[in-house]
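Chemist: Structure file run.pdb (PDB, C-alpha atoms) is given on the next line.
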```pdb
ATOM      1  CA  MET A   1     -13.171   4.761  29.884
ATOM      2  CA  LEU A   2     -11.345   1.630  28.680
ATOM      3  CA  ASN A   3      -9.975   1.002  32.188
ATOM      4  CA  GLU A   4     -13.539   1.030  33.579
ATOM      5  CA  PHE A   5     -14.734  -1.318  30.818
ATOM      6  CA  ILE A   6     -11.854  -3.736  31.425
ATOM      7  CA  VAL A   7     -12.676  -4.006  35.130
ATOM      8  CA  GLU A   8     -16.491  -3.805  34.983
ATOM      9  CA  LYS A   9     -17.188  -6.012  31.944
ATOM     10  CA  PHE A  10     -14.188  -8.350  31.928
ATOM     11  CA  ASN A  11     -13.356  -8.372  35.670
ATOM     12  CA  LEU A  12      -9.664  -8.021  34.805
ATOM     13  CA  ASN A  13      -8.428  -6.263  37.924
ATOM     14  CA  ASN A  14      -4.727  -6.506  36.998
ATOM     15  CA  THR A  15      -5.099  -5.055  33.509
ATOM     16  CA  SER A  16      -5.047  -1.366  32.645
ATOM     17  CA  VAL A  17      -4.291   1.233  30.047
ATOM     18  CA  ILE A  18      -1.328   3.391  31.011
ATOM     19  CA  LEU A  19      -1.333   6.651  29.078
ATOM     20  CA  SER A  20       1.907   8.430  29.807
ATOM     21  CA  GLU A  21       4.919   9.418  27.786
ATOM     22  CA  ASN A  22       6.962   9.394  30.989
ATOM     23  CA  ARG A  23       6.327   5.839  32.171
ATOM     24  CA  CYS A  24       9.030   3.898  33.968
ATOM     25  CA  PRO A  25      10.999   1.729  31.547
ATOM     26  CA  LEU A  26       9.653  -1.793  31.056
ATOM     27  CA  ALA A  27      13.026  -3.468  30.963
ATOM     28  CA  ILE A  28      16.607  -2.725  31.863
ATOM     29  CA  LYS A  29      19.573  -4.680  30.525
ATOM     30  CA  ASN A  30      23.092  -3.917  31.692
ATOM     31  CA  LYS A  31      21.708  -0.666  33.122
ATOM     32  CA  LYS A  32      20.794   0.530  29.636
ATOM     33  CA  VAL A  33      17.112   1.370  29.314
ATOM     34  CA  LEU A  34      15.485  -0.476  26.446
ATOM     35  CA  PRO A  35      13.080   1.800  24.553
ATOM     36  CA  PHE A  36       9.325   1.469  24.389
ATOM     37  CA  TRP A  37       7.789   0.523  21.106
ATOM     38  CA  LYS A  38       7.584   3.631  18.944
ATOM     39  CA  TRP A  39       4.378   3.702  16.891
ATOM     40  CA  LYS A  40       4.206   5.655  13.661
ATOM     41  CA  PRO A  41       1.211   8.044  13.637
ATOM     42  CA  ASN A  42      -0.577   6.188  10.804
ATOM     43  CA  ASN A  43       0.086   2.654  12.137
ATOM     44  CA  PRO A  44      -3.193   0.671  12.252
ATOM     45  CA  TYR A  45      -2.096  -1.017  15.496
ATOM     46  CA  LEU A  46      -1.604   2.314  17.299
ATOM     47  CA  ALA A  47      -4.916   2.046  19.187
ATOM     48  CA  SER A  48      -4.021  -1.290  20.751
ATOM     49  CA  GLY A  49      -0.908  -0.124  22.560
ATOM     50  CA  GLU A  50      -0.538   0.822  26.209
ATOM     51  CA  ILE A  51      -2.564  -2.078  27.695
ATOM     52  CA  THR A  52      -0.657  -3.970  30.369
ATOM     53  CA  SER A  53      -1.727  -7.150  32.135
ATOM     54  CA  ASN A  54      -0.501 -10.195  34.042
ATOM     55  CA  ILE A  55      -0.823 -13.930  33.384
ATOM     56  CA  GLN A  56      -3.847 -14.378  35.662
ATOM     57  CA  ASP A  57      -5.834 -11.760  33.757
ATOM     58  CA  MET A  58      -4.596 -13.085  30.417
ATOM     59  CA  LEU A  59      -6.000 -16.502  31.343
ATOM     60  CA  LYS A  60      -9.303 -14.900  32.409
ATOM     61  CA  TYR A  61      -9.365 -13.073  29.069
ATOM     62  CA  LEU A  62      -8.706 -16.339  27.229
ATOM     63  CA  SER A  63     -11.634 -17.945  29.045
ATOM     64  CA  LEU A  64     -13.895 -14.985  28.201
ATOM     65  CA  GLN A  65     -13.025 -15.332  24.524
ATOM     66  CA  ILE A  66     -13.977 -19.012  24.554
ATOM     67  CA  GLU A  67     -17.042 -18.946  26.837
ATOM     68  CA  SER A  68     -18.680 -15.515  26.511
ATOM     69  CA  LYS A  69     -21.788 -14.940  24.414
ATOM     70  CA  GLU A  70     -21.593 -11.143  24.834
ATOM     71  CA  SER A  71     -21.595  -9.276  21.530
ATOM     72  CA  TYR A  72     -18.598  -7.140  22.535
ATOM     73  CA  ILE A  73     -16.639 -10.421  22.663
ATOM     74  CA  THR A  74     -18.181 -12.452  19.838
ATOM     75  CA  ASP A  75     -18.247  -9.553  17.342
ATOM     76  CA  ALA A  76     -14.446  -9.405  17.589
ATOM     77  CA  HIS A  77     -14.290 -12.945  16.177
ATOM     78  CA  ILE A  78     -16.033 -12.067  12.919
ATOM     79  CA  VAL A  79     -13.685 -12.213   9.942
ATOM     80  CA  SER A  80     -13.387  -8.908   8.071
ATOM     81  CA  ASP A  81     -13.166  -8.407   4.324
ATOM     82  CA  TYR A  82      -9.620  -7.117   4.706
ATOM     83  CA  VAL A  83      -7.121  -9.291   2.837
ATOM     84  CA  THR A  84      -3.560  -9.553   4.121
ATOM     85  CA  SER A  85      -0.486  -9.995   1.973
ATOM     86  CA  ASN A  86      -0.511 -13.625   3.150
ATOM     87  CA  SER A  87      -3.566 -15.126   1.453
ATOM     88  CA  LYS A  88      -3.908 -17.783   4.184
ATOM     89  CA  ILE A  89      -4.414 -15.243   7.002
ATOM     90  CA  ARG A  90      -7.651 -13.355   7.694
ATOM     91  CA  ILE A  91      -8.184 -10.456  10.087
ATOM     92  CA  CYS A  92     -10.915 -10.096  12.692
ATOM     93  CA  LYS A  93     -11.389  -7.181  15.106
ATOM     94  CA  GLY A  94      -8.288  -7.679  17.207
ATOM     95  CA  TRP A  95      -7.647 -11.236  16.068
ATOM     96  CA  HIS A  96      -6.035 -13.110  13.207
ATOM     97  CA  THR A  97      -7.292 -16.398  11.834
ATOM     98  CA  TYR A  98      -6.454 -18.757   9.032
ATOM     99  CA  VAL A  99      -8.668 -19.571   6.064
ATOM    100  CA  LYS A 100     -11.010 -22.441   6.996
ATOM    101  CA  SER A 101      -9.847 -22.458  10.618
ATOM    102  CA  TYR A 102     -11.563 -22.144  13.987
ATOM    103  CA  GLN A 103      -8.332 -20.905  15.544
ATOM    104  CA  LEU A 104      -7.976 -17.231  16.518
ATOM    105  CA  TRP A 105      -4.626 -15.782  17.514
ATOM    106  CA  HIS A 106      -2.988 -12.521  18.480
ATOM    107  CA  VAL A 107       0.545 -11.467  19.321
ATOM    108  CA  GLY A 108       1.210  -8.326  21.323
ATOM    109  CA  GLY A 109       3.826  -6.646  23.393
ATOM    110  CA  VAL A 110       5.780  -3.536  24.167
ATOM    111  CA  GLY A 111       9.431  -2.994  24.920
ATOM    112  CA  THR A 112      10.872  -6.425  25.576
ATOM    113  CA  PHE A 113       7.617  -7.980  26.820
ATOM    114  CA  ARG A 114       5.693 -10.200  24.404
ATOM    115  CA  SER A 115       2.437 -12.103  24.644
ATOM    116  CA  SER A 116       0.794 -14.612  22.368
ATOM    117  CA  ILE A 117      -2.661 -16.114  22.644
ATOM    118  CA  ILE A 118      -4.401 -18.788  20.571
ATOM    119  CA  ILE A 119      -8.002 -19.870  21.083
ATOM    120  CA  ASN A 120     -10.321 -22.370  19.472
ATOM    121  CA  LYS A 121     -13.888 -21.770  20.610
ATOM    122  CA  ASN A 122     -15.177 -25.001  19.081
ATOM    123  CA  SER A 123     -12.772 -27.250  20.964
ATOM    124  CA  LYS A 124     -12.699 -24.894  24.004
ATOM    125  CA  LEU A 125      -8.925 -24.856  23.848
ATOM    126  CA  GLY A 126      -6.614 -21.923  24.440
ATOM    127  CA  VAL A 127      -2.982 -21.102  25.191
ATOM    128  CA  VAL A 128      -1.350 -17.927  26.510
ATOM    129  CA  THR A 129       2.416 -17.451  26.491
ATOM    130  CA  LEU A 130       4.298 -14.487  27.919
ATOM    131  CA  GLY A 131       7.939 -13.765  27.160
ATOM    132  CA  ASN A 132      10.626 -11.208  27.828
ATOM    133  CA  THR A 133      12.691 -10.814  24.683
ATOM    134  CA  LYS A 134      13.306  -8.415  21.822
ATOM    135  CA  GLY A 135      14.242  -8.449  18.160
ATOM    136  CA  VAL A 136      14.035 -11.572  16.034
ATOM    137  CA  SER A 137      13.830 -13.854  19.059
ATOM    138  CA  SER A 138      10.534 -12.204  20.118
ATOM    139  CA  GLY A 139       8.892 -14.362  17.437
ATOM    140  CA  ASN A 140       9.749 -17.377  19.580
ATOM    141  CA  VAL A 141       6.926 -16.454  21.977
ATOM    142  CA  HIS A 142       4.309 -17.058  19.301
ATOM    143  CA  TYR A 143       6.174 -20.115  18.014
ATOM    144  CA  LEU A 144       6.057 -21.645  21.517
ATOM    145  CA  THR A 145       2.365 -20.822  21.792
ATOM    146  CA  LYS A 146       1.662 -22.574  18.481
ATOM    147  CA  MET A 147       3.679 -25.616  19.555
ATOM    148  CA  ILE A 148       1.900 -25.918  22.919
ATOM    149  CA  TYR A 149      -1.486 -25.413  21.234
ATOM    150  CA  SER A 150      -0.673 -28.111  18.676
ATOM    151  CA  GLU A 151       0.429 -30.568  21.371
ATOM    152  CA  LEU A 152      -2.738 -29.919  23.400
ATOM    153  CA  LYS A 153      -4.923 -30.230  20.318
ATOM    154  CA  MET A 154      -3.378 -33.600  19.496
ATOM    155  CA  LYS A 155      -3.724 -34.491  23.222
ATOM    156  CA  LYS A 156      -0.039 -35.218  23.652
ATOM    157  CA  ILE A 157      -0.110 -32.999  26.738
ATOM    158  CA  LYS A 158      -2.597 -34.000  29.453
ATOM    159  CA  PHE A 159      -4.087 -31.421  31.780
TER     160      PHE A 159
END
```
Can you turn what I pasted into structure tokens?
Modeler:
Amino acid sequence: MLNEFIVEKFNLNNTSVILSENRCPLAIKNKKVLPFWKWKPNNPYLASGEITSNIQDMLKYLSLQIESKESYITDAHIVSDYVTSNSKIRICKGWHTYVKSYQLWHVGGVGTFRSSIIINKNSKLGVVTLGNTKGVSSGNVHYLTKMIYSELKMKKIKF
């Protein structure tokens, strides 16, 4: 059902949900298979796993988040009452935001693949970064996204 929704509503033809315990490994390093992310049964992020995409569809998705007036997009931007351990961060449906900020962001990934997206609907600005890393260095993907976003916001990078 989600695959149909992704294609029909979002027109993301290179994005899909892959539900299989026997998928091919996402990454191989020195011929040793790197494991998939293992979700604990009660993990609140469990439902978001298994979606794969490419950069073209990620950019289409970014544009949808900024431009769309559809409720299934805009409702996901509403800040929930949930309070994180970091008092400066708020949670939306599928997004994070900062207190008194128009910026929405999300970091995702599986195996050694990471993605980070930041959008600002008011300024119609967004950045998507994809990376192939694991462990502590996987945080660099989001760090790079924040740096690029900041440079674009301050108009140091022309496009």
Chemist: When distances are computed from all atoms listed in the file, which of A:Asn3, A:Gln65, A:Asn86, A:Ser115 shows the smallest separation from Leu130 in chain A?
Modeler: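 Among the listed residues, the smallest separation from Leu130 in chain A belongs to A:Ser115.
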Chemist: Determine, counting all atoms listed in the file, every residue of protein, DNA or RNA that lies within 6 Å of (-2.1, -13.7, 19.1) in the file coordinates, then give the result as a ChimeraX atom specification.
Modeler: /A:105-107,116-118
Chemist: Run the PyMOL selection byres ((chain A and resi 152) around 12) on the file and write out the hits as a VMD selection string.
Modeler: chain A and resid 118 to 120 123 to 127 145 to 151 153 to 159
Chemist: Store the residues of this selection in a file with C-alpha atoms, as a CSV table (one decimal), in the coordinates of the input.
Modeler:
```csv
chain,number,residue,atom,x,y,z
A,118,ILE,CA,-4.4,-18.8,20.6
A,119,ILE,CA,-8.0,-19.9,21.1
A,120,ASN,CA,-10.3,-22.4,19.5
A,123,SER,CA,-12.8,-27.2,21.0
A,124,LYS,CA,-12.7,-24.9,24.0
A,125,LEU,CA,-8.9,-24.9,23.8
A,126,GLY,CA,-6.6,-21.9,24.4
A,127,VAL,CA,-3.0,-21.1,25.2
A,145,THR,CA,2.4,-20.8,21.8
A,146,LYS,CA,1.7,-22.6,18.5
A,147,MET,CA,3.7,-25.6,19.6
A,148,ILE,CA,1.9,-25.9,22.9
A,149,TYR,CA,-1.5,-25.4,21.2
A,150,SER,CA,-0.7,-28.1,18.7
A,151,GLU,CA,0.4,-30.6,21.4
A,153,LYS,CA,-4.9,-30.2,20.3
A,154,MET,CA,-3.4,-33.6,19.5
A,155,LYS,CA,-3.7,-34.5,23.2
A,156,LYS,CA,0.0,-35.2,23.7
A,157,ILE,CA,-0.1,-33.0,26.7
A,158,LYS,CA,-2.6,-34.0,29.5
A,159,PHE,CA,-4.1,-31.4,31.8
```
Chemist: Between A:Val83, A:Ile78, A:Val141, A:Ile91, single out the one closest to Gly108 in chain A, counting all atoms listed in the file.
Modeler: A:Val141
Chemist: Nearest residue to Gln56 in chain A out of A:Ser138, A:Thr129, A:Gln103, A:Ser87, using all atoms listed in the file?
Modeler: A:Thr129
Chemist: So what do you get for CA of Ser63 in chain A versus CA of Phe5 in chain A, distance-wise?
Modeler: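 Those two atoms sit 17.0 Å apart.
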Chemist: Kindly give the distance, in Å, that separates CA of Ile6 in chain A and CA of Thr97 in chain A, rounded to a single decimal.
Modeler: 23.8 Å
Chemist: Skip Ser16 in chain A itself and residues of its chain fewer than 6 positions away, then list as a list in words all residues within 7 Å of it, counting only C-alpha atoms.
Modeler: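 Returned residues: Asn3, Ile51, Thr52 and Ser53 of chain A.
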Chemist: Draw an axis-aligned box over all listed atoms of range 131-148 of chain A, pad each side with 6 Å, and write its centre and edge lengths in Å, one decimal, as JSON.
Modeler:
```
{"center_x": 8.0, "center_y": -17.2, "center_z": 21.9, "size_x": 24.6, "size_y": 29.5, "size_z": 23.8}
```
